[in-house]
file data_14.cif (mmCIF, C-alpha atoms and all ligand atoms)
data_entry
loop_
_atom_site.label_atom_id
_atom_site.label_comp_id
_atom_site.auth_asym_id
_atom_site.auth_seq_id
_atom_site.Cartn_x
_atom_site.Cartn_y
_atom_site.Cartn_z
CA MET A 296 145.14 37.90 115.47
CA PHE A 297 146.27 39.25 118.82
CA ILE A 298 148.22 37.67 121.60
CA LEU A 299 148.73 38.62 125.19
CA GLN A 300 152.28 39.72 125.95
CA ARG A 301 153.89 40.48 129.29
CA GLN A 302 155.94 43.63 129.53
CA VAL A 303 158.67 43.16 132.02
CA GLU A 304 159.69 46.81 132.01
CA ALA A 305 156.47 48.16 133.46
CA PRO A 306 155.70 46.71 136.88
CA ALA A 307 152.09 47.13 138.00
CA GLU A 308 150.96 47.71 141.56
CA ALA A 309 151.36 44.69 143.84
CA GLY A 310 148.11 42.77 143.90
CA ALA A 311 147.13 43.75 140.33
CA PRO A 312 145.26 41.04 138.40
CA GLY A 313 147.31 38.40 136.63
CA TYR A 314 150.93 38.06 137.56
CA PRO A 315 151.60 40.71 140.16
CA GLY A 316 154.33 42.98 138.93
CA TYR A 317 153.54 42.62 135.24
CA MET A 318 151.25 44.44 132.85
CA ASP A 319 149.30 42.53 130.27
CA THR A 320 149.12 44.29 126.92
CA VAL A 321 147.54 43.21 123.68
CA VAL A 322 149.99 43.42 120.76
CA PRO A 323 149.39 42.58 117.10
CA ALA A 324 150.53 39.08 116.11
CA ALA A 325 152.86 40.54 113.47
CA GLU A 326 155.00 42.03 116.23
CA ALA A 327 154.61 38.99 118.42
CA PRO A 328 157.49 36.62 119.16
CA GLY A 329 157.87 33.28 117.34
CA PRO A 330 156.16 29.93 117.96
CA GLN A 331 158.27 29.00 121.00
CA ALA A 332 157.42 32.30 122.67
CA SER A 333 153.74 31.73 122.06
CA ALA A 334 154.19 28.21 123.50
CA ALA A 335 155.52 29.89 126.63
CA GLN A 336 152.58 32.24 126.57
CA SER A 337 150.10 29.36 126.37
CA ILE A 338 151.75 27.68 129.35
CA MET A 339 151.49 30.86 131.38
CA ASP A 340 147.89 31.46 130.30
CA LEU A 341 146.83 27.92 131.15
CA GLU A 342 148.27 28.23 134.65
CA ARG A 343 146.60 31.55 135.05
CA ALA A 344 143.25 30.05 134.13
CA CYS A 345 143.54 26.88 136.21
CA LEU A 346 145.79 27.40 139.24
CA LEU A 347 145.20 29.17 142.50
CA GLN A 348 146.67 32.61 141.97
CA ASN A 349 148.85 32.46 145.08
CA TYR A 350 152.24 32.76 143.34
CA ALA A 351 153.71 35.85 141.71
CA ARG A 352 155.72 33.97 139.10
CA TYR A 353 158.29 35.61 136.86
CA PRO A 354 157.47 35.43 133.13
CA LEU A 355 159.95 32.66 132.40
CA VAL A 356 159.12 29.08 131.39
CA LEU A 357 161.98 26.74 132.18
CA ALA A 358 162.53 23.64 130.13
CA ARG A 359 165.73 22.02 131.41
CA GLY A 360 168.93 22.53 133.34
CA LYS A 361 172.56 21.43 133.31
CA GLY A 362 175.00 22.23 136.09
CA CYS A 363 174.61 25.86 137.19
CA TRP A 364 172.56 26.76 134.12
CA VAL A 365 168.88 26.52 133.21
CA TYR A 366 167.34 26.91 129.75
CA ASP A 367 163.98 28.30 128.69
CA LEU A 368 161.72 26.97 125.94
CA GLU A 369 163.60 28.93 123.32
CA GLY A 370 166.96 27.60 124.45
CA ARG A 371 168.14 30.83 126.10
CA ARG A 372 170.33 30.07 129.07
CA TYR A 373 170.36 31.61 132.54
CA LEU A 374 172.96 31.33 135.30
CA ASP A 375 170.96 29.95 138.21
CA LEU A 376 171.97 31.60 141.49
CA ILE A 377 168.70 30.91 143.29
CA THR A 378 168.44 27.12 142.66
CA GLY A 379 164.72 26.77 143.19
CA ILE A 380 165.10 28.72 146.48
CA GLY A 381 168.05 26.76 147.78
CA VAL A 382 166.95 23.30 146.65
CA ASN A 383 169.02 22.34 143.60
CA ALA A 384 172.20 22.30 145.62
CA LEU A 385 174.12 20.22 143.09
CA GLY A 386 172.77 22.21 140.17
CA HIS A 387 170.72 20.49 137.52
CA ALA A 388 171.03 16.99 136.10
CA HIS A 389 174.03 16.09 138.28
CA PRO A 390 175.19 12.74 136.83
CA ARG A 391 175.42 10.91 140.18
CA ILE A 392 171.99 12.14 141.30
CA THR A 393 170.45 11.33 137.92
CA ARG A 394 171.92 7.82 138.08
CA ALA A 395 170.65 7.24 141.64
CA ILE A 396 167.14 8.42 140.68
CA ARG A 397 167.06 6.24 137.56
CA GLU A 398 168.27 3.13 139.35
CA GLN A 399 166.01 3.51 142.37
CA ALA A 400 162.95 4.42 140.28
CA GLY A 401 163.32 1.04 138.57
CA LEU A 402 163.47 -0.76 141.93
CA MET A 403 161.08 0.96 144.35
CA VAL A 404 159.89 4.53 144.78
CA HIS A 405 157.65 4.24 147.84
CA SER A 406 157.30 1.60 150.50
CA SER A 407 155.42 3.46 153.31
CA ASN A 408 156.46 3.53 156.92
CA LEU A 409 154.71 0.21 157.55
CA TYR A 410 157.90 -1.57 156.45
CA TYR A 411 161.64 -1.17 156.51
CA HIS A 412 163.83 -0.35 153.54
CA ARG A 413 167.56 -0.09 153.30
CA TYR A 414 168.11 3.65 152.96
CA GLN A 415 166.18 5.41 155.75
CA GLY A 416 168.35 4.10 158.60
CA GLU A 417 171.53 4.69 156.58
CA LEU A 418 170.60 8.32 155.89
CA ALA A 419 169.55 8.84 159.53
CA SER A 420 172.91 7.51 160.64
CA ARG A 421 174.77 9.90 158.30
CA LEU A 422 172.73 12.96 159.33
CA THR A 423 172.97 12.25 163.05
CA ALA A 424 176.74 11.86 162.71
CA MET A 425 176.94 15.15 160.75
CA SER A 426 174.83 17.01 163.33
CA GLY A 427 175.95 15.46 166.63
CA LEU A 428 172.32 14.60 167.42
CA ASP A 429 170.87 11.15 168.11
CA ARG A 430 167.72 10.41 166.12
CA ALA A 431 166.05 11.38 162.85
CA PHE A 432 162.51 11.61 161.47
CA PHE A 433 161.92 12.04 157.73
CA CYS A 434 159.09 14.01 156.13
CA ASN A 435 158.50 15.94 152.91
CA SER A 436 159.25 19.62 153.41
CA GLY A 437 160.63 22.26 155.74
CA THR A 438 157.15 23.17 156.94
CA GLU A 439 156.37 19.58 157.81
CA ALA A 440 159.66 19.28 159.69
CA VAL A 441 158.82 22.46 161.64
CA GLU A 442 155.36 21.04 162.47
CA GLY A 443 156.94 17.89 163.83
CA ALA A 444 159.43 19.89 165.89
CA LEU A 445 156.61 22.04 167.33
CA LYS A 446 154.75 18.88 168.36
CA MET A 447 157.94 17.63 169.99
CA VAL A 448 158.28 20.91 171.91
CA HIS A 449 154.63 20.81 173.04
CA ALA A 450 154.80 17.15 174.05
CA HIS A 451 158.04 17.78 175.96
CA GLY A 452 156.46 20.72 177.82
CA ARG A 453 153.15 19.01 178.56
CA ALA A 454 154.90 15.97 180.00
CA LEU A 455 156.42 18.30 182.59
CA ASP A 456 153.45 20.59 183.23
CA PRO A 457 150.20 21.19 181.24
CA GLU A 458 150.92 24.95 181.44
CA LYS A 459 154.37 24.58 179.89
CA TYR A 460 153.52 25.20 176.23
CA GLU A 461 154.94 28.61 175.35
CA ILE A 462 157.34 28.96 172.44
CA ILE A 463 159.74 31.84 171.85
CA SER A 464 160.39 32.86 168.25
CA LEU A 465 161.93 35.84 166.48
CA ASP A 466 160.50 38.87 164.74
CA ASN A 467 161.12 38.66 161.01
CA SER A 468 161.47 34.85 161.11
CA PHE A 469 160.00 32.43 158.59
CA HIS A 470 159.16 28.82 159.43
CA GLY A 471 156.56 27.79 156.83
CA ARG A 472 152.91 28.26 155.95
CA SER A 473 150.94 25.58 157.81
CA MET A 474 148.95 26.83 160.80
CA GLY A 475 151.57 25.61 163.28
CA ALA A 476 154.57 26.90 161.33
CA LEU A 477 152.79 30.22 160.71
CA SER A 478 152.17 30.52 164.45
CA VAL A 479 155.92 30.81 165.02
CA THR A 480 156.58 32.91 161.89
CA GLY A 481 157.30 36.49 162.97
CA GLN A 482 156.05 38.36 159.88
CA ALA A 483 152.60 39.94 159.90
CA LYS A 484 152.25 39.73 156.09
CA TYR A 485 152.16 35.92 156.21
CA ARG A 486 150.02 35.63 159.36
CA ALA A 487 147.41 38.37 159.07
CA ASP A 488 144.80 36.47 157.02
CA PHE A 489 144.94 33.39 159.21
CA GLU A 490 144.66 34.64 162.78
CA PRO A 491 143.95 33.34 165.35
CA LEU A 492 146.88 30.96 165.25
CA ILE A 493 148.28 28.66 167.94
CA PRO A 494 148.44 30.55 171.24
CA GLY A 495 151.46 30.89 173.52
CA VAL A 496 154.04 32.18 171.01
CA ARG A 497 156.19 35.13 172.10
CA PHE A 498 158.15 37.08 169.50
CA ILE A 499 161.32 38.98 170.32
CA PRO A 500 163.76 40.99 168.17
CA LEU A 501 166.70 39.20 166.54
CA ASN A 502 169.86 39.11 168.66
CA ASP A 503 168.22 40.99 171.57
CA VAL A 504 169.66 39.14 174.57
CA ALA A 505 167.71 41.21 177.14
CA ALA A 506 164.40 40.50 175.36
CA LEU A 507 165.26 36.81 175.26
CA GLU A 508 165.89 36.76 179.00
CA ALA A 509 162.63 38.60 179.64
CA ALA A 510 160.62 36.23 177.44
CA PHE A 511 161.74 33.00 179.17
CA SER A 512 159.68 31.64 182.07
CA PRO A 513 158.84 28.22 183.54
CA ARG A 514 156.01 28.10 180.95
CA THR A 515 158.52 28.13 178.08
CA ALA A 516 158.57 24.75 176.35
CA GLY A 517 160.87 25.72 173.50
CA VAL A 518 162.60 28.36 171.43
CA ILE A 519 162.83 28.19 167.63
CA LEU A 520 165.57 30.09 165.77
CA GLU A 521 166.94 30.23 162.23
CA PRO A 522 170.72 30.40 162.70
CA ILE A 523 170.70 32.59 159.57
CA GLN A 524 167.30 34.13 158.79
CA GLY A 525 166.54 33.47 155.13
CA GLU A 526 163.18 34.90 154.00
CA GLY A 527 163.68 37.67 156.55
CA GLY A 528 166.67 39.03 154.57
CA ILE A 529 169.81 36.96 155.39
CA TYR A 530 170.39 37.96 159.02
CA PRO A 531 172.71 35.69 161.07
CA LEU A 532 172.23 35.11 164.81
CA THR A 533 175.08 36.38 166.96
CA PRO A 534 176.95 33.69 168.95
CA GLU A 535 176.09 35.66 172.14
CA PHE A 536 172.38 35.39 171.40
CA ALA A 537 172.54 31.70 170.45
CA GLY A 538 174.63 30.98 173.56
CA LYS A 539 172.13 32.76 175.80
CA ALA A 540 169.27 30.80 174.17
CA ARG A 541 171.12 27.57 175.00
CA GLU A 542 171.76 28.65 178.58
CA LEU A 543 168.15 29.72 179.19
CA ALA A 544 166.70 26.62 177.51
CA ASP A 545 168.78 24.52 179.91
CA ARG A 546 167.82 26.61 182.92
CA PHE A 547 164.07 26.37 182.13
CA ASN A 548 164.12 22.82 180.73
CA ALA A 549 162.95 23.99 177.31
CA LEU A 550 164.01 22.65 173.88
CA LEU A 551 166.22 24.71 171.58
CA VAL A 552 165.16 24.19 167.95
CA ALA A 553 167.35 25.31 165.03
CA ASP A 554 165.39 25.75 161.79
CA GLU A 555 168.04 25.04 159.16
CA THR A 556 165.59 24.60 156.30
CA GLN A 557 167.25 27.36 154.29
CA CYS A 558 170.64 27.85 155.94
CA GLY A 559 171.54 24.20 156.56
CA VAL A 560 172.96 21.06 155.00
CA GLY A 561 176.15 22.51 153.58
CA ARG A 562 175.02 25.94 152.44
CA PRO A 563 177.01 27.90 155.06
CA GLY A 564 180.19 25.91 154.28
CA VAL A 565 179.66 23.56 157.24
CA TYR A 566 177.04 20.85 157.57
CA PHE A 567 174.73 23.01 159.70
CA ALA A 568 174.84 26.75 160.36
CA TYR A 569 174.87 26.29 164.16
CA GLN A 570 178.27 24.59 163.71
CA ARG A 571 179.83 27.87 162.61
CA SER A 572 180.37 29.12 166.16
CA GLN A 573 183.33 27.88 168.21
CA PRO A 574 182.60 26.19 170.52
CA VAL A 575 179.52 24.85 168.77
CA ILE A 576 176.24 25.78 170.47
CA MET A 577 174.26 22.57 170.17
CA PRO A 578 170.49 22.71 169.65
CA ASP A 579 168.24 19.93 170.98
CA VAL A 580 166.38 19.72 167.67
CA VAL A 581 167.32 20.60 164.08
CA VAL A 582 164.91 20.80 161.16
CA ALA A 583 166.04 20.97 157.55
CA ALA A 584 164.86 20.11 154.05
CA LYS A 585 165.64 22.04 150.89
CA PRO A 586 168.92 20.69 149.47
CA VAL A 587 169.00 17.21 150.93
CA ALA A 588 167.34 15.28 148.10
CA CYS A 589 168.43 17.67 145.33
CA GLY A 590 164.91 18.60 144.21
CA LEU A 591 162.94 15.59 145.44
CA PRO A 592 160.80 16.43 148.48
CA LEU A 593 162.58 15.36 151.65
CA GLY A 594 162.63 17.11 155.01
CA PHE A 595 163.93 15.89 158.32
CA ILE A 596 163.99 16.44 162.06
CA LEU A 597 167.09 15.56 164.08
CA ALA A 598 166.78 15.36 167.86
CA ASN A 599 168.86 14.50 170.89
CA GLU A 600 167.60 11.70 173.14
CA LYS A 601 165.92 14.14 175.51
CA ALA A 602 163.81 15.76 172.74
CA ALA A 603 163.20 12.48 170.91
CA ALA A 604 161.78 10.94 174.10
CA ALA A 605 158.81 13.32 173.83
CA ILE A 606 157.51 11.42 170.77
CA ARG A 607 156.20 7.95 171.59
CA PRO A 608 154.80 5.39 169.08
CA GLY A 609 151.69 6.68 167.31
CA MET A 610 152.21 10.34 168.23
CA HIS A 611 153.53 11.46 164.83
CA GLY A 612 153.86 10.11 161.30
CA THR A 613 153.64 10.69 157.53
CA THR A 614 152.71 8.58 154.51
CA PHE A 615 155.37 9.69 152.05
CA GLY A 616 158.23 10.78 154.31
CA GLY A 617 161.52 8.91 154.07
CA GLY A 618 160.76 6.69 151.09
CA PRO A 619 163.48 4.67 149.36
CA LEU A 620 163.88 7.05 146.42
CA THR A 621 164.29 10.25 148.41
CA CYS A 622 166.52 8.63 151.04
CA ARG A 623 168.78 7.03 148.46
CA VAL A 624 169.18 10.36 146.70
CA GLY A 625 169.80 11.99 150.10
CA LEU A 626 172.62 9.51 150.76
CA GLU A 627 174.19 10.26 147.39
CA PHE A 628 173.92 13.98 148.20
CA VAL A 629 175.67 13.73 151.58
CA ASP A 630 178.50 11.73 149.97
CA ILE A 631 179.00 14.45 147.38
CA LEU A 632 178.61 17.19 149.98
CA ASP A 633 181.70 16.01 151.84
CA GLU A 634 183.75 16.64 148.69
CA LEU A 635 182.19 20.08 148.13
CA LEU A 636 182.40 21.74 151.57
CA PRO A 637 185.85 23.31 150.98
CA SER A 638 184.70 24.75 147.66
CA ILE A 639 181.47 26.12 149.22
CA ARG A 640 183.60 28.01 151.75
CA CYS A 641 186.12 29.18 149.20
CA VAL A 642 183.77 30.26 146.38
CA GLY A 643 181.33 31.65 148.97
CA ALA A 644 184.08 33.86 150.44
CA TYR A 645 185.05 34.97 146.92
CA PHE A 646 181.43 35.83 146.05
CA LEU A 647 181.05 37.78 149.32
CA GLU A 648 184.22 39.75 148.60
CA ARG A 649 183.13 40.57 145.05
CA LEU A 650 179.72 41.72 146.36
CA GLN A 651 181.47 43.89 148.94
CA HIS A 652 183.43 45.50 146.11
CA LEU A 653 180.14 46.26 144.39
CA ALA A 654 178.86 47.76 147.63
CA ALA A 655 181.90 50.05 147.80
CA LYS A 656 181.19 51.18 144.24
CA HIS A 657 177.40 51.61 144.30
CA ALA A 658 175.80 53.79 146.97
CA VAL A 659 172.45 52.08 146.39
CA ILE A 660 173.81 49.02 148.24
CA LYS A 661 173.29 49.33 151.98
CA GLU A 662 174.90 46.13 153.21
CA VAL A 663 176.12 42.71 152.12
CA ARG A 664 175.48 39.78 154.51
CA GLY A 665 175.77 36.03 154.70
CA PHE A 666 178.03 33.02 154.88
CA GLY A 667 179.12 30.36 152.44
CA LEU A 668 176.68 30.24 149.56
CA MET A 669 173.85 32.07 151.35
CA LEU A 670 174.33 35.74 150.57
CA GLY A 671 172.13 38.84 150.67
CA VAL A 672 172.63 42.32 149.25
CA GLU A 673 170.45 44.88 151.00
CA LEU A 674 169.54 47.87 148.83
CA HIS A 675 168.24 51.31 149.70
CA VAL A 676 165.54 50.74 147.06
CA PRO A 677 163.12 47.88 146.26
CA GLY A 678 164.88 45.01 144.47
CA LYS A 679 162.16 43.51 142.32
CA GLN A 680 163.01 45.38 139.12
CA LEU A 681 166.63 44.27 139.42
CA VAL A 682 165.47 40.66 139.57
CA LEU A 683 163.44 41.17 136.38
CA ASP A 684 166.36 42.90 134.69
CA GLY A 685 168.56 40.01 135.81
CA ILE A 686 166.30 37.57 133.96
CA GLY A 687 166.64 39.75 130.87
CA HIS A 688 170.43 39.45 131.20
CA GLY A 689 170.47 35.70 131.82
CA LEU A 690 170.96 35.77 135.58
CA LEU A 691 168.55 34.26 138.13
CA PHE A 692 168.39 35.41 141.75
CA ASN A 693 165.50 36.75 143.78
CA CYS A 694 164.56 39.48 146.19
CA THR A 695 163.33 38.87 149.70
CA HIS A 696 161.98 41.28 152.27
CA GLU A 697 161.36 43.89 149.50
CA ASN A 698 164.94 45.12 149.25
CA VAL A 699 167.35 42.24 149.84
CA LEU A 700 168.74 40.54 146.74
CA ARG A 701 169.18 36.90 147.70
CA PHE A 702 171.74 34.51 146.25
CA LEU A 703 171.51 30.77 147.01
CA PRO A 704 173.81 29.38 144.29
CA PRO A 705 174.40 25.70 143.68
CA TYR A 706 177.26 24.20 145.70
CA ILE A 707 179.09 23.49 142.44
CA VAL A 708 179.29 27.15 141.39
CA THR A 709 182.76 28.31 140.30
CA GLU A 710 184.63 31.61 140.67
CA LYS A 711 184.30 32.07 136.91
CA GLU A 712 180.51 31.89 137.19
CA VAL A 713 180.62 34.29 140.14
CA ASP A 714 182.65 36.72 138.00
CA ARG A 715 180.03 36.56 135.29
CA ALA A 716 177.24 37.22 137.81
CA ILE A 717 179.16 40.17 139.27
CA ARG A 718 179.68 41.73 135.83
CA ILE A 719 175.93 41.54 135.16
CA LEU A 720 175.02 42.83 138.63
CA ASP A 721 177.46 45.70 138.27
CA ARG A 722 175.66 46.85 135.12
CA LEU A 723 172.19 46.32 136.55
CA ILE A 724 172.94 48.11 139.80
CA ALA A 725 174.55 51.02 137.97
CA LYS A 726 171.21 51.45 136.17
CA ALA A 727 169.27 51.21 139.44
C1 LIG B 1 163.73 28.74 157.56
C2 LIG B 1 162.61 28.09 156.83
N1 LIG B 1 161.78 27.27 157.49
C3 LIG B 1 160.77 26.63 156.87
C4 LIG B 1 160.54 26.83 155.53
C5 LIG B 1 159.41 26.12 154.83
O1 LIG B 1 159.94 25.11 154.04
P1 LIG B 1 159.08 24.44 152.86
O2 LIG B 1 158.79 25.50 151.89
O3 LIG B 1 159.98 23.34 152.36
O4 LIG B 1 157.86 23.88 153.48
C6 LIG B 1 161.37 27.68 154.80
C7 LIG B 1 161.15 27.92 153.37
O5 LIG B 1 161.71 28.77 152.73
C8 LIG B 1 162.43 28.33 155.47
O6 LIG B 1 163.26 29.17 154.83
#
call {"tool": "encode", "arguments": {"input": "data_14.cif", "output": "structure tokens"}}
result
Amino acid sequence: MFILQRQVEAPAEAGAPGYPGYMDTVVPAAEAPGPQASAAQSIMDLERACLLQNYARYPLVLARGKGCWVYDLEGRRYLDLITGIGVNALGHAHPRITRAIREQAGLMVHSSNLYYHRYQGELASRLTAMSGLDRAFFCNSGTEAVEGALKMVHAHGRALDPEKYEIISLDNSFHGRSMGALSVTGQAKYRADFEPLIPGVRFIPLNDVAALEAAFSPRTAGVILEPIQGEGGIYPLTPEFAGKARELADRFNALLVADETQCGVGRPGVYFAYQRSQPVIMPDVVVAAKPVACGLPLGFILANEKAAAAIRPGMHGTTFGGGPLTCRVGLEFVDILDELLPSIRCVGAYFLERLQHLAAKHAVIKEVRGFGLMLGVELHVPGKQLVLDGIGHGLLFNCTHENVLRFLPPYIVTEKEVDRAIRILDRLIAKA
């Protein structure tokens, strides 16, 4: 009997059949791992046979999680510093979140937006207070929130002049994979197969104030910015650039949209990343999603009265968005977040400092960037093998933009867990 085994050590060319980055080899059953490992293999093989092959998954089958740790089918544990790409902000199986889900699941999961329920208004009121904006709309993901914000920008522009529909976005940005969100995503690798996209989008380099000034015109309806670029490799906006975007948006009556899907809702150590600058540079619209319902799908748009006025009854909607289960969990999350913000700042600063020490020690590290618990380590070499080696050593993180190791730890991570991660990284990077 033979089974198919994945060899982590030997990455194949990107785009190779199967799981990109892995080589499939046939090994005799005698040398094969035990029954749990073959259970993992069957799970991977079934997916491979039945799912669209759009994901390059790592060869790890997760079974459960507790706090900052996740466990595979064989009970091996991994320190989770990527949290489902910034989603499991309170780690796994947080007792208050688990209780809220259990209770609400027994009462009502979905009610639709035909009717009222108790939690949507309450969560809107909390998020508007946290952001300084006036109104909220709930949906299911970051992409969907971006779509809604783009419609808001277009409707705002068209109400003033049918020719006012241009949107300014940044090179290297990421805003999601729907046709609208892709249209403002400044990375050719995501867009190329889907052109032509929505017209009227102008891309400029990050933090290039002169390019921003040159791109604005009376046709500009809006500008969309990630206060800290995530997929693009953890690049923060400078306050000068954000301030100029605010000034020009006011001058040309355009809407300033902050996409906080990855960098927002506590991750930078404040509620929203745009609140880091002093004085705060207020956007007209904020979109966010990932952490707010701790793993349940919930995205949202926040808007000031001016932007919100662009959307009249019937112009936008969603079936699932803002249901009682997700909103109740979101409320529990924002309560807990208030208690965690100081620790996010403190442990985040500690993690950054420890990574900077690694950078001083290992020449392969080019730069360390980020704020709070959103950190990136740029390497002079591709980072994928380090991510695979990390899995082998019980540490989960990922690599974005080819050579930036990305860390989006849970907000409950401790200095002790950071120390453990640093010890493993130190060894892995020494090998690299
Ligand atoms: C800044 C930003 N915007 C939008 C999205 C898309 O969000 P989602 O995957 O929830 O649709 C992401 C996802 O990583 C993101 O980082």
call {"tool": "residues_near_point", "arguments": {"input": "data_14.cif", "point": "(165.8, 16.0, 161.3)", "cutoff": "7 Å", "atoms": "all atoms listed in the file", "output": "list in words"}}
result
Ala431, Phe432, Phe433, Val581, Val582, Ala583, Phe595, Ile596, Leu597 and Ala598 of chain A
call {"tool": "residues_around", "arguments": {"input": "data_14.cif", "residues": "segment 519-527 of chain A", "least_positions_apart": "6", "cutoff": "8 Å", "atoms": "all atoms listed in the file", "output": "list in words"}}
result
Ile462, Ile463, Ser464, Leu465, Asn467, Ser468, Phe469, Val479, Leu551, Val552, Ala553, Asp554, Glu555, Gln557, Cys558, Ala568, Tyr569, Gly665, Thr695 and His696 of chain A
call {"tool": "atom_distance", "arguments": {"input": "data_14.cif", "atom1": "atom CA of Gly689 of chain A", "atom2": "atom C3 of ligand LIG 1 (chain B)"}}
result
28.4 Å
call {"tool": "atom_distance", "arguments": {"input": "data_14.cif", "atom1": "atom CA of Val575 of chain A", "atom2": "atom CA of Glu535 of chain A"}}
result
11.8 Å
call {"tool": "closest_residue", "arguments": {"input": "data_14.cif", "among": "A:Val365, A:Asp721, A:Leu445, A:Leu620", "to": "Gln651 of chain A", "atoms": "only C-alpha atoms"}}
result
A:Asp721
call {"tool": "closest_residue", "arguments": {"input": "data_14.cif", "among": "A:Ala419, A:Met425, A:Val441, A:Ile631", "to": "ligand LIG 1 (chain B)", "atoms": "all atoms listed in the file"}}
result
A:Val441
call {"tool": "atom_distance", "arguments": {"input": "data_14.cif", "atom1": "atom CA of Leu402 of chain A", "atom2": "atom CA of Val382 of chain A"}}
result
24.8 Å
call {"tool": "residues_around", "arguments": {"input": "data_14.cif", "residues": "segment 713-720 of chain A", "least_positions_apart": "2", "cutoff": "9 Å", "atoms": "only C-alpha atoms", "output": "PyMOL selection string"}}
result
chain A and resi 374+376+642+645-646+649-650+653+681+685+688-690+708-711+722-725
